[in-house]
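**Student:** The structure follows.
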Amino acid sequence: MDDQQRIMSMMVLAEDQQKAAQAAIDDLKAQQAALSDLAQGVQRAASQAARSAVHDAMNATIKGASAALDAGARDAKEAAEAAKTAAEAFPAVVGRVGWRITLIGAVAALLVVLIVAGAGGLSLSWQQRQVDELRQQRADLVDEVASLKAGAEAFAAKAGKAQLTTCGDKRRLCVLVDTKAGTFGGGDATYVVIKGY
């Protein structure tokens, strides 16, 4: 084989290698775009899930609080009606029984009102604690979404130029490196510079 044939062979080989390199670069660009789309999709899904969970929980709590307040209002109305009925019957009772029974009736009515008011207050306090817990959970979820977004942005900033592909029979993940920059490290760890950095 003469020199001209060798040169032609080398040019064909170089052209094939250039085509393979360009195909690898195009593949890496596609993978980078897919990773970016995936990170944005994760962020959107997490944000939507957090909003939906907080919204559902707050609606359930508000409905529960409203039902508890309605029940407390009904109980208070019934107690007031019972007290009114007792008050209307009070003069006749006083006339027959005396001041002792009147005092007992007044104390009993006062106890009923206090019990109903206390139950309503406890129910309202419990509902308020539930709302506060849901607000804290919402704040935690918002913080987590912000952290995920910051992580995705940091990844894109640090490795946005990296050109990834798959290599070998097992199709393992590979990155294009700058062999001219040399290798670093020693022992079991060898590092190389990513091409483009």
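Ordering of the structure tokens sets the chain letters (A, B, ...), residue numbers begin anew at 1 in every chain, and ligands are numbered from 1 in the order given.
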Enumerate, in order of chain and increasing residue number, the residues of range 158-190 of chain A with an atom no farther than 12 Å from range 6-21 of chain A, each with its shortest atom pair and distance in Å to one decimal, counting only C-alpha atoms, as a Markdown table.
**Tutor:**
| residue | atom | partner | partner_atom | distance |
| --- | --- | --- | --- | --- |
| A:Gln163 | CA | A:Ala21 | CA | 10.9 |
| A:Leu164 | CA | A:Ala21 | CA | 11.8 |
| A:Thr165 | CA | A:Ala21 | CA | 10.7 |
| A:Leu176 | CA | A:Ala21 | CA | 9.7 |
**Student:** Would you mind telling me which residue in A:Ala159, A:Leu110, A:Leu103, A:Arg51 lies nearest to Val142 in chain A when using only C-alpha atoms?
**Tutor:**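 Nearest candidate to Val142 in chain A out of A:Ala159, A:Leu110, A:Leu103, A:Arg51: A:Arg51.
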**Student:** List as a PyMOL selection string the protein and nucleic acid residues near range 36-47 of chain A, meaning an atom at most 12 Å away when only C-alpha atoms are counted, but skip any in the same chain fewer than 3 places from it.
**Tutor:** chain A and resi 29-33+50-54+138-157+159-161
**Student:** I'd like to know which of A:Gln137, A:Cys167, A:Leu69, A:Val113 is closest to Ser125 in chain A, using only C-alpha atoms.
**Tutor:**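 Nearest to Ser125 in chain A: A:Leu69.
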